[in-house]
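Visitor: Next up is a structure, given as structure tokens.
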Amino acid sequence: MRGTLSPIDKAKYAAARRAADLVEDGMRVGLGTGSTAAWLVRCLGEMVREDGLKIRGVPTSSRTAALAREVGINVISLDEARWLDITIDGADEFDGNLNLIKGGGGALLQEKIVAAASDMMVVIADAGKEVGTLGAFPLPIEVIPFGWQTTQALVEETLISLDVLGRQTTLRMNGAKPFVTDEGNYILDLHLQRIGNPRQMALVINQMPGVVENGLFIDICDLVCIGHGDGRVEMR
Ligand code: 5RP
């Protein structure tokens with residue numbers, strides 16, 4: 001099956017395969033969400049089934065939990081693990097400082113909690129996710145459903161004071177209904193084009209009532225495995 005992969009899937013697989021080699025017997029492993037992280041979970045499942053690797057996995061979404069169980073990984077909750085040796089996850093964008101935009105798959109809240117509770121966070125990504133400046137990918141903001149339009153207006157008004165190009169937000173949809181996260185919240189996607197000061201942006205957004213979390217991961221990622229379509233992997 002891997003022989004018929006598109007170049008982008010080959011790149012994602014290559015990055016995931018390399019990161020899986022960082023996982024050792026006995027580790028508690030945070031399992032990310034998304035198509036790249038799904039390759040990682042499949043790789044780890046293979047290592048569990050075929051090489052007898054013994055790990056406990058903490059998934060960052062219900063989707064990842066289902067896949068992890070399906071491939072034979074021992075799934076535990078974050079509170080059972082308390083602390084993780086490593087978390088491996090995808091990203092929507094990463095910059096030269098290894099700051100990230102995440103949440104394209106809507107799992108940013110659990111992803112950030114799990115990554116922050118880990119000794120090491122490794123991002124796996126195809127080369128197209130690397131950017132000079134974060135922000136071309138719309139920034140996901142998780143908000144509680146109560147008063148979400150008021151929160152949306154507050155976000156847009158507050159951004160007037162910051163040096164940003166755009167400030168339009170759109171409610172993420174799932175067909176005709178709002179997309180609902182695993183925590184029962186909504187996602188506003190903020191279209192900025194460019195985030196000059198991601199640290200400031202993350203702090204300002206998280207101070208607004210109604211906002212639960214945003215998809216900027218600042219100083220959380222330790223290493224990025226960048227996969228290429230020809231199977232090469234670079235480490236940053
Ligand atoms: C999910 C995420 C994903 O890691 C991110 O969207 C990248 O996904 P993919 O590997 O499918 O490109 O943050 O919330």
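Within each chain, counting starts at residue 1; across the structure tokens, chains are named A, B, ... in the order shown, with ligands numbered 1 upward in that order.
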Got a sec: who's within 10 Å of stretch 5-22 of chain A, counting only C-alpha atoms, leaving out chain neighbours fewer than 2 positions off, as a ChimeraX atom specification?

Guide: /A:1-3,24,35-44,47,86-90,122-128,223-235

Visitor: Mind dumping the selected residues with C-alpha atoms as a compact mmCIF listing (two decimals), in the first residue's frame?

Guide:
# COMPACT_ATOMS: atom_id res chain seq x y z
CA MET A 1 0.00 0.00 0.00
CA ARG A 2 2.86 2.39 0.85
CA GLY A 3 4.24 1.85 -2.68
CA GLU A 24 11.64 3.47 23.26
CA SER A 35 -3.16 12.65 8.66
CA THR A 36 0.58 12.79 9.48
CA ALA A 37 0.01 11.76 13.08
CA ALA A 38 -2.13 8.89 11.83
CA TRP A 39 0.95 7.52 10.02
CA LEU A 40 2.85 7.75 13.29
CA VAL A 41 0.15 5.82 15.13
CA ARG A 42 0.19 3.13 12.42
CA CYS A 43 4.00 2.89 12.60
CA LEU A 44 3.93 2.57 16.40
CA MET A 47 6.27 -1.81 16.26
CA ILE A 86 7.50 12.30 24.27
CA THR A 87 4.64 13.67 22.17
CA ILE A 88 4.69 13.36 18.40
CA ASP A 89 2.20 15.42 16.42
CA GLY A 90 1.65 17.11 13.07
CA VAL A 122 8.38 16.33 18.14
CA VAL A 123 6.56 17.67 15.09
CA ILE A 124 6.26 15.55 11.97
CA ALA A 125 5.45 17.40 8.77
CA ASP A 126 5.92 17.45 5.04
CA ALA A 127 8.23 20.16 3.76
CA GLY A 128 5.30 22.30 2.58
CA LEU A 223 12.34 19.03 17.13
CA VAL A 224 10.77 18.89 13.67
CA CYS A 225 11.10 15.88 11.35
CA ILE A 226 10.54 17.21 7.84
CA GLY A 227 9.59 14.58 5.29
CA HIS A 228 10.16 14.88 1.54
CA GLY A 229 8.39 13.13 -1.32
CA ASP A 230 11.51 11.10 -2.16
CA GLY A 231 11.62 9.68 1.37
CA ARG A 232 14.36 11.97 2.75
CA VAL A 233 13.88 13.35 6.26
CA GLU A 234 15.53 16.47 7.66
CA MET A 235 15.68 17.21 11.37

Visitor: Would you please give, as JSON, numbers by chain, all residues of stretch 10-111 of chain A that DSSP assigns to strand (DSSP E or B) based on the backbone?

Guide: {"A": [28, 29, 30, 31, 56, 57, 58, 59, 74, 75, 84, 86, 87, 88, 89, 93, 94, 100, 101]}

Visitor: Got a sec: who's within 12 Å of A:Arg49, counting only C-alpha atoms, leaving out chain neighbours fewer than 2 positions off, as a PyMOL selection string?

Guide: chain A and resi 42-47+51-55+69-74

Visitor: Export, as a PDB file, in the first residue's frame, the selected residues with C-alpha atoms.

Guide:
ATOM      1  CA  ARG A  42       0.185   3.132  12.424  1.00  0.00           C
ATOM      2  CA  CYS A  43       4.005   2.892  12.600  1.00  0.00           C
ATOM      3  CA  LEU A  44       3.927   2.569  16.398  1.00  0.00           C
ATOM      4  CA  GLY A  45       1.154  -0.026  16.137  1.00  0.00           C
ATOM      5  CA  GLU A  46       3.362  -2.062  13.797  1.00  0.00           C
ATOM      6  CA  MET A  47       6.270  -1.808  16.257  1.00  0.00           C
ATOM      7  CA  ASP A  51       8.649  -5.992  17.553  1.00  0.00           C
ATOM      8  CA  GLY A  52       6.963  -6.261  20.955  1.00  0.00           C
ATOM      9  CA  LEU A  53       7.454  -2.535  21.721  1.00  0.00           C
ATOM     10  CA  LYS A  54       5.823  -1.743  25.045  1.00  0.00           C
ATOM     11  CA  ILE A  55       4.404   1.765  25.257  1.00  0.00           C
ATOM     12  CA  ARG A  69      -6.745   1.025  19.852  1.00  0.00           C
ATOM     13  CA  GLU A  70      -7.339  -0.442  16.403  1.00  0.00           C
ATOM     14  CA  VAL A  71      -3.591  -0.853  15.753  1.00  0.00           C
ATOM     15  CA  GLY A  72      -2.915  -2.398  19.174  1.00  0.00           C
ATOM     16  CA  ILE A  73      -1.482   0.479  21.227  1.00  0.00           C
ATOM     17  CA  ASN A  74      -2.226   0.455  24.961  1.00  0.00           C
TER      18      ASN A  74
END

Visitor: I need the residue nearest A:Ser161 from this list: A:Ala107, A:Ile187, A:Met201, A:Ile76. Use only C-alpha atoms for the distance.

Guide: A:Met201

Visitor: In stretch 1-234 of chain A, what's helix (DSSP H, G or I) per DSSP? Answer as an mmCIF file with N, CA and C atoms, in the first residue's frame?

Guide:
data_model
loop_
_atom_site.group_PDB
_atom_site.id
_atom_site.type_symbol
_atom_site.label_atom_id
_atom_site.label_comp_id
_atom_site.auth_asym_id
_atom_site.auth_seq_id
_atom_site.Cartn_x
_atom_site.Cartn_y
_atom_site.Cartn_z
ATOM 1 N N ARG A 2 2.006 1.209 0.780
ATOM 2 C CA ARG A 2 2.862 2.389 0.854
ATOM 3 C C ARG A 2 3.519 2.699 -0.493
ATOM 4 N N GLY A 3 3.632 1.664 -1.367
ATOM 5 C CA GLY A 3 4.240 1.851 -2.681
ATOM 6 C C GLY A 3 3.400 2.744 -3.577
ATOM 7 N N THR A 4 2.112 2.841 -3.299
ATOM 8 C CA THR A 4 1.212 3.609 -4.165
ATOM 9 C C THR A 4 0.897 4.992 -3.593
ATOM 10 N N PRO A 7 3.267 11.671 -3.486
ATOM 11 C CA PRO A 7 4.483 12.251 -2.898
ATOM 12 C C PRO A 7 4.236 12.887 -1.525
ATOM 13 N N ILE A 8 3.083 13.526 -1.360
ATOM 14 C CA ILE A 8 2.826 14.191 -0.071
ATOM 15 C C ILE A 8 2.639 13.152 1.044
ATOM 16 N N ASP A 9 1.963 12.055 0.722
ATOM 17 C CA ASP A 9 1.795 11.015 1.738
ATOM 18 C C ASP A 9 3.112 10.293 2.012
ATOM 19 N N LYS A 10 3.936 10.160 0.968
ATOM 20 C CA LYS A 10 5.272 9.573 1.190
ATOM 21 C C LYS A 10 6.070 10.444 2.148
ATOM 22 N N ALA A 11 5.947 11.769 1.965
ATOM 23 C CA ALA A 11 6.668 12.707 2.838
ATOM 24 C C ALA A 11 6.157 12.592 4.280
ATOM 25 N N LYS A 12 4.848 12.529 4.430
ATOM 26 C CA LYS A 12 4.272 12.420 5.778
ATOM 27 C C LYS A 12 4.688 11.102 6.431
ATOM 28 N N TYR A 13 4.643 10.033 5.637
ATOM 29 C CA TYR A 13 5.023 8.714 6.170
ATOM 30 C C TYR A 13 6.495 8.722 6.589
ATOM 31 N N ALA A 14 7.363 9.292 5.725
ATOM 32 C CA ALA A 14 8.803 9.302 6.023
ATOM 33 C C ALA A 14 9.075 10.032 7.333
ATOM 34 N N ALA A 15 8.418 11.188 7.534
ATOM 35 C CA ALA A 15 8.607 11.955 8.771
ATOM 36 C C ALA A 15 8.119 11.148 9.978
ATOM 37 N N ALA A 16 6.963 10.523 9.825
ATOM 38 C CA ALA A 16 6.383 9.742 10.934
ATOM 39 C C ALA A 16 7.273 8.552 11.276
ATOM 40 N N ARG A 17 7.773 7.892 10.234
ATOM 41 C CA ARG A 17 8.606 6.686 10.438
ATOM 42 C C ARG A 17 9.863 7.055 11.215
ATOM 43 N N ARG A 18 10.474 8.196 10.829
ATOM 44 C CA ARG A 18 11.695 8.626 11.517
ATOM 45 C C ARG A 18 11.403 8.961 12.983
ATOM 46 N N ALA A 19 10.309 9.653 13.214
ATOM 47 C CA ALA A 19 9.977 10.039 14.597
ATOM 48 C C ALA A 19 9.651 8.809 15.445
ATOM 49 N N ALA A 20 9.070 7.795 14.826
ATOM 50 C CA ALA A 20 8.722 6.575 15.577
ATOM 51 C C ALA A 20 9.986 5.931 16.149
ATOM 52 N N SER A 35 -3.566 13.707 9.585
ATOM 53 C CA SER A 35 -3.162 12.649 8.656
ATOM 54 C C SER A 35 -1.702 12.227 8.863
ATOM 55 N N THR A 36 -0.822 13.154 9.240
ATOM 56 C CA THR A 36 0.583 12.791 9.478
ATOM 57 C C THR A 36 0.697 11.999 10.782
ATOM 58 N N ALA A 37 -0.004 12.479 11.804
ATOM 59 C CA ALA A 37 0.013 11.762 13.079
ATOM 60 C C ALA A 37 -0.596 10.366 12.940
ATOM 61 N N ALA A 38 -1.532 10.222 12.030
ATOM 62 C CA ALA A 38 -2.134 8.893 11.828
ATOM 63 C C ALA A 38 -1.082 7.909 11.308
ATOM 64 N N TRP A 39 -0.150 8.399 10.464
ATOM 65 C CA TRP A 39 0.954 7.522 10.023
ATOM 66 C C TRP A 39 1.807 7.111 11.206
ATOM 67 N N LEU A 40 2.040 8.046 12.104
ATOM 68 C CA LEU A 40 2.854 7.753 13.287
ATOM 69 C C LEU A 40 2.185 6.659 14.116
ATOM 70 N N VAL A 41 0.881 6.798 14.309
ATOM 71 C CA VAL A 41 0.152 5.822 15.131
ATOM 72 C C VAL A 41 0.216 4.438 14.464
ATOM 73 N N ARG A 42 0.084 4.432 13.131
ATOM 74 C CA ARG A 42 0.185 3.132 12.424
ATOM 75 C C ARG A 42 1.585 2.536 12.567
ATOM 76 N N CYS A 43 2.618 3.372 12.448
ATOM 77 C CA CYS A 43 4.005 2.892 12.600
ATOM 78 C C CYS A 43 4.221 2.313 14.005
ATOM 79 N N LEU A 44 3.748 3.046 15.018
ATOM 80 C CA LEU A 44 3.927 2.569 16.398
ATOM 81 C C LEU A 44 3.154 1.268 16.619
ATOM 82 N N GLY A 45 1.963 1.198 16.016
ATOM 83 C CA GLY A 45 1.154 -0.026 16.137
ATOM 84 C C GLY A 45 1.918 -1.218 15.560
ATOM 85 N N GLU A 46 2.568 -1.000 14.426
ATOM 86 C CA GLU A 46 3.362 -2.062 13.797
ATOM 87 C C GLU A 46 4.505 -2.485 14.729
ATOM 88 N N MET A 47 5.142 -1.492 15.356
ATOM 89 C CA MET A 47 6.270 -1.808 16.257
ATOM 90 C C MET A 47 5.772 -2.557 17.493
ATOM 91 N N VAL A 48 4.578 -2.254 17.940
ATOM 92 C CA VAL A 48 3.989 -2.948 19.092
ATOM 93 C C VAL A 48 3.676 -4.399 18.701
ATOM 94 N N ARG A 49 3.036 -4.556 17.567
ATOM 95 C CA ARG A 49 2.590 -5.903 17.163
ATOM 96 C C ARG A 49 3.748 -6.781 16.701
ATOM 97 N N GLU A 50 4.673 -6.192 15.954
ATOM 98 C CA GLU A 50 5.706 -7.026 15.332
ATOM 99 C C GLU A 50 7.016 -7.091 16.116
ATOM 100 N N ASP A 51 7.355 -5.998 16.835
ATOM 101 C CA ASP A 51 8.649 -5.992 17.553
ATOM 102 C C ASP A 51 8.458 -6.091 19.064
ATOM 103 N N SER A 62 -10.516 11.937 19.948
ATOM 104 C CA SER A 62 -11.263 10.672 19.896
ATOM 105 C C SER A 62 -10.879 9.876 18.639
ATOM 106 N N ARG A 63 -10.572 10.611 17.530
ATOM 107 C CA ARG A 63 -10.151 9.938 16.280
ATOM 108 C C ARG A 63 -8.864 9.160 16.493
ATOM 109 N N THR A 64 -7.894 9.826 17.129
ATOM 110 C CA THR A 64 -6.604 9.171 17.356
ATOM 111 C C THR A 64 -6.762 8.020 18.347
ATOM 112 N N ALA A 65 -7.608 8.206 19.346
ATOM 113 C CA ALA A 65 -7.828 7.128 20.322
ATOM 114 C C ALA A 65 -8.365 5.884 19.618
ATOM 115 N N ALA A 66 -9.313 6.070 18.710
ATOM 116 C CA ALA A 66 -9.911 4.921 18.004
ATOM 117 C C ALA A 66 -8.850 4.223 17.151
ATOM 118 N N LEU A 67 -8.037 5.014 16.439
ATOM 119 C CA LEU A 67 -7.002 4.421 15.581
ATOM 120 C C LEU A 67 -5.948 3.697 16.432
ATOM 121 N N ALA A 68 -5.544 4.326 17.526
ATOM 122 C CA ALA A 68 -4.511 3.719 18.376
ATOM 123 C C ALA A 68 -4.975 2.365 18.910
ATOM 124 N N ARG A 69 -6.212 2.305 19.348
ATOM 125 C CA ARG A 69 -6.745 1.025 19.852
ATOM 126 C C ARG A 69 -6.781 -0.004 18.729
ATOM 127 N N GLU A 70 -7.222 0.453 17.564
ATOM 128 C CA GLU A 70 -7.339 -0.442 16.403
ATOM 129 C C GLU A 70 -5.988 -1.075 16.039
ATOM 130 N N LEU A 78 -4.462 11.033 29.938
ATOM 131 C CA LEU A 78 -3.352 11.884 30.385
ATOM 132 C C LEU A 78 -3.227 11.828 31.899
ATOM 133 N N ASP A 79 -4.343 11.781 32.602
ATOM 134 C CA ASP A 79 -4.263 11.758 34.064
ATOM 135 C C ASP A 79 -3.702 10.434 34.585
ATOM 136 N N GLU A 80 -3.898 9.368 33.838
ATOM 137 C CA GLU A 80 -3.245 8.105 34.234
ATOM 138 C C GLU A 80 -1.741 8.200 34.012
ATOM 139 N N ALA A 81 -1.356 8.857 32.902
ATOM 140 C CA ALA A 81 0.080 8.967 32.581
ATOM 141 C C ALA A 81 0.758 10.005 33.469
ATOM 142 N N LEU A 108 -6.697 21.174 18.705
ATOM 143 C CA LEU A 108 -5.616 21.963 19.294
ATOM 144 C C LEU A 108 -5.602 21.984 20.814
ATOM 145 N N LEU A 109 -6.773 21.918 21.444
ATOM 146 C CA LEU A 109 -6.817 22.041 22.903
ATOM 147 C C LEU A 109 -6.154 20.838 23.577
ATOM 148 N N GLN A 110 -6.611 19.641 23.220
ATOM 149 C CA GLN A 110 -5.987 18.445 23.806
ATOM 150 C C GLN A 110 -4.534 18.342 23.355
ATOM 151 N N GLU A 111 -4.268 18.747 22.116
ATOM 152 C CA GLU A 111 -2.888 18.672 21.616
ATOM 153 C C GLU A 111 -1.957 19.544 22.440
ATOM 154 N N LYS A 112 -2.422 20.755 22.795
ATOM 155 C CA LYS A 112 -1.542 21.653 23.561
ATOM 156 C C LYS A 112 -1.362 21.153 24.991
ATOM 157 N N ILE A 113 -2.446 20.656 25.585
ATOM 158 C CA ILE A 113 -2.347 20.147 26.967
ATOM 159 C C ILE A 113 -1.371 18.975 27.017
ATOM 160 N N VAL A 114 -1.498 18.076 26.053
ATOM 161 C CA VAL A 114 -0.640 16.877 26.037
ATOM 162 C C VAL A 114 0.815 17.268 25.752
ATOM 163 N N ALA A 115 1.013 18.156 24.774
ATOM 164 C CA ALA A 115 2.396 18.562 24.432
ATOM 165 C C ALA A 115 3.062 19.251 25.623
ATOM 166 N N ALA A 116 2.283 20.075 26.335
ATOM 167 C CA ALA A 116 2.853 20.813 27.471
ATOM 168 C C ALA A 116 3.190 19.889 28.637
ATOM 169 N N ALA A 127 7.444 18.941 3.903
ATOM 170 C CA ALA A 127 8.235 20.163 3.759
ATOM 171 C C ALA A 127 7.373 21.393 3.467
ATOM 172 N N GLY A 128 6.186 21.187 2.916
ATOM 173 C CA GLY A 128 5.301 22.303 2.579
ATOM 174 C C GLY A 128 4.776 23.053 3.795
ATOM 175 N N LYS A 129 4.987 22.506 4.983
ATOM 176 C CA LYS A 129 4.476 23.165 6.197
ATOM 177 C C LYS A 129 5.451 24.203 6.744
ATOM 178 N N TRP A 148 -20.849 32.781 21.352
ATOM 179 C CA TRP A 148 -19.673 32.717 20.469
ATOM 180 C C TRP A 148 -19.582 33.915 19.520
ATOM 181 N N GLN A 149 -20.735 34.478 19.137
ATOM 182 C CA GLN A 149 -20.673 35.621 18.202
ATOM 183 C C GLN A 149 -20.128 36.870 18.903
ATOM 184 N N THR A 150 -20.436 36.976 20.195
ATOM 185 C CA THR A 150 -19.895 38.082 20.993
ATOM 186 C C THR A 150 -18.384 37.906 21.135
ATOM 187 N N THR A 151 -17.957 36.675 21.377
ATOM 188 C CA THR A 151 -16.513 36.392 21.458
ATOM 189 C C THR A 151 -15.848 36.716 20.124
ATOM 190 N N GLN A 152 -16.516 36.335 19.041
ATOM 191 C CA GLN A 152 -15.965 36.596 17.704
ATOM 192 C C GLN A 152 -15.752 38.104 17.499
ATOM 193 N N ALA A 153 -16.771 38.890 17.885
ATOM 194 C CA ALA A 153 -16.666 40.343 17.719
ATOM 195 C C ALA A 153 -15.533 40.897 18.580
ATOM 196 N N LEU A 154 -15.400 40.357 19.791
ATOM 197 C CA LEU A 154 -14.339 40.804 20.702
ATOM 198 C C LEU A 154 -12.961 40.510 20.108
ATOM 199 N N VAL A 155 -12.814 39.312 19.548
ATOM 200 C CA VAL A 155 -11.533 38.940 18.928
ATOM 201 C C VAL A 155 -11.216 39.928 17.805
ATOM 202 N N GLU A 156 -12.173 40.170 16.955
ATOM 203 C CA GLU A 156 -11.914 41.040 15.797
ATOM 204 C C GLU A 156 -11.611 42.476 16.235
ATOM 205 N N GLU A 157 -12.355 42.972 17.233
ATOM 206 C CA GLU A 157 -12.117 44.348 17.713
ATOM 207 C C GLU A 157 -10.758 44.472 18.393
ATOM 208 N N THR A 158 -10.403 43.478 19.187
ATOM 209 C CA THR A 158 -9.133 43.545 19.924
ATOM 210 C C THR A 158 -7.957 43.559 18.971
ATOM 211 N N LEU A 159 -8.096 42.870 17.852
ATOM 212 C CA LEU A 159 -6.967 42.773 16.922
ATOM 213 C C LEU A 159 -6.686 44.098 16.217
ATOM 214 N N ILE A 160 -7.628 45.046 16.291
ATOM 215 C CA ILE A 160 -7.380 46.357 15.685
ATOM 216 C C ILE A 160 -6.128 46.979 16.306
ATOM 217 N N SER A 161 -5.932 46.721 17.617
ATOM 218 C CA SER A 161 -4.798 47.336 18.321
ATOM 219 C C SER A 161 -3.470 46.661 17.991
ATOM 220 N N PRO A 198 4.049 36.206 17.113
ATOM 221 C CA PRO A 198 3.152 35.120 17.529
ATOM 222 C C PRO A 198 2.992 34.986 19.042
ATOM 223 N N ARG A 199 4.062 35.302 19.775
ATOM 224 C CA ARG A 199 3.969 35.187 21.243
ATOM 225 C C ARG A 199 2.925 36.168 21.778
ATOM 226 N N GLN A 200 2.998 37.423 21.310
ATOM 227 C CA GLN A 200 2.044 38.447 21.754
ATOM 228 C C GLN A 200 0.623 38.067 21.319
ATOM 229 N N MET A 201 0.509 37.605 20.085
ATOM 230 C CA MET A 201 -0.805 37.215 19.556
ATOM 231 C C MET A 201 -1.440 36.120 20.427
ATOM 232 N N ALA A 202 -0.642 35.125 20.774
ATOM 233 C CA ALA A 202 -1.165 34.007 21.573
ATOM 234 C C ALA A 202 -1.654 34.497 22.934
ATOM 235 N N LEU A 203 -0.879 35.391 23.550
ATOM 236 C CA LEU A 203 -1.252 35.902 24.878
ATOM 237 C C LEU A 203 -2.514 36.752 24.801
ATOM 238 N N VAL A 204 -2.578 37.634 23.811
ATOM 239 C CA VAL A 204 -3.730 38.543 23.687
ATOM 240 C C VAL A 204 -5.014 37.735 23.450
ATOM 241 N N ILE A 205 -4.947 36.784 22.550
ATOM 242 C CA ILE A 205 -6.162 36.008 22.225
ATOM 243 C C ILE A 205 -6.647 35.218 23.438
ATOM 244 N N ASN A 206 -5.700 34.615 24.164
ATOM 245 C CA ASN A 206 -6.119 33.765 25.284
ATOM 246 C C ASN A 206 -6.669 34.539 26.469
#

Visitor: With a distance cut-off of 6 Å and only C-alpha atoms, select the neighbouring residues of A:Asn185, excluding the residue or stretch itself and same-chain residues fewer than 3 positions from it, and output the selection as a list in words.

Guide: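 The contact residues come out as Val143, Ile144, Pro145, Val180 and Thr181 of chain A.
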
Visitor: Take the residues just selected and output them with N, CA and C atoms as a PDB file, in the first residue's frame.

Guide:
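Writing done, so here's selection12.pdb:
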ATOM      1  N   VAL A 143     -13.444  28.302  20.984  1.00  0.00           N
ATOM      2  CA  VAL A 143     -14.287  29.162  21.837  1.00  0.00           C
ATOM      3  C   VAL A 143     -15.466  28.349  22.365  1.00  0.00           C
ATOM      4  N   ILE A 144     -15.969  28.749  23.537  1.00  0.00           N
ATOM      5  CA  ILE A 144     -17.142  28.030  24.035  1.00  0.00           C
ATOM      6  C   ILE A 144     -18.376  28.485  23.234  1.00  0.00           C
ATOM      7  N   PRO A 145     -19.346  27.581  23.013  1.00  0.00           N
ATOM      8  CA  PRO A 145     -20.510  27.940  22.193  1.00  0.00           C
ATOM      9  C   PRO A 145     -21.322  29.097  22.772  1.00  0.00           C
ATOM     10  N   VAL A 180     -17.890  20.850  15.933  1.00  0.00           N
ATOM     11  CA  VAL A 180     -17.816  20.781  17.395  1.00  0.00           C
ATOM     12  C   VAL A 180     -16.585  19.960  17.788  1.00  0.00           C
ATOM     13  N   THR A 181     -15.754  20.525  18.663  1.00  0.00           N
ATOM     14  CA  THR A 181     -14.528  19.826  19.077  1.00  0.00           C
ATOM     15  C   THR A 181     -14.861  18.701  20.061  1.00  0.00           C
TER      16      THR A 181
END

Visitor: Between atom CA of A:Val211 and atom CA of A:Leu165, measure the distance and give it in Å to one decimal.

Guide: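 Calculated distance between atom CA of A:Val211 and atom CA of A:Leu165 is 21.2 Å.
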
Visitor: With distances taken over only C-alpha atoms, which of A:Ile195, A:Met120, A:Leu134, A:Leu162 is nearest to A:Asn99?

Guide: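 Closest to A:Asn99 of all the choices is A:Leu134.
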
Visitor: Which of these residues is nearest to A:Gly147, using only C-alpha atoms: A:Tyr186, A:Asn214, A:Val29, A:Asn197?

Guide: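 Closest to A:Gly147, using only C-alpha atoms: A:Tyr186.
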
Visitor: Name the residues in contact with stretch 137-140 of chain A at a cut-off of 7 Å, using only C-alpha atoms, excluding same-chain residues fewer than 2 positions from it; report them as JSON, numbers by chain.

Guide: {"A": [92, 101, 103, 104, 135, 142, 187, 188, 189, 190, 191, 192, 214, 215]}
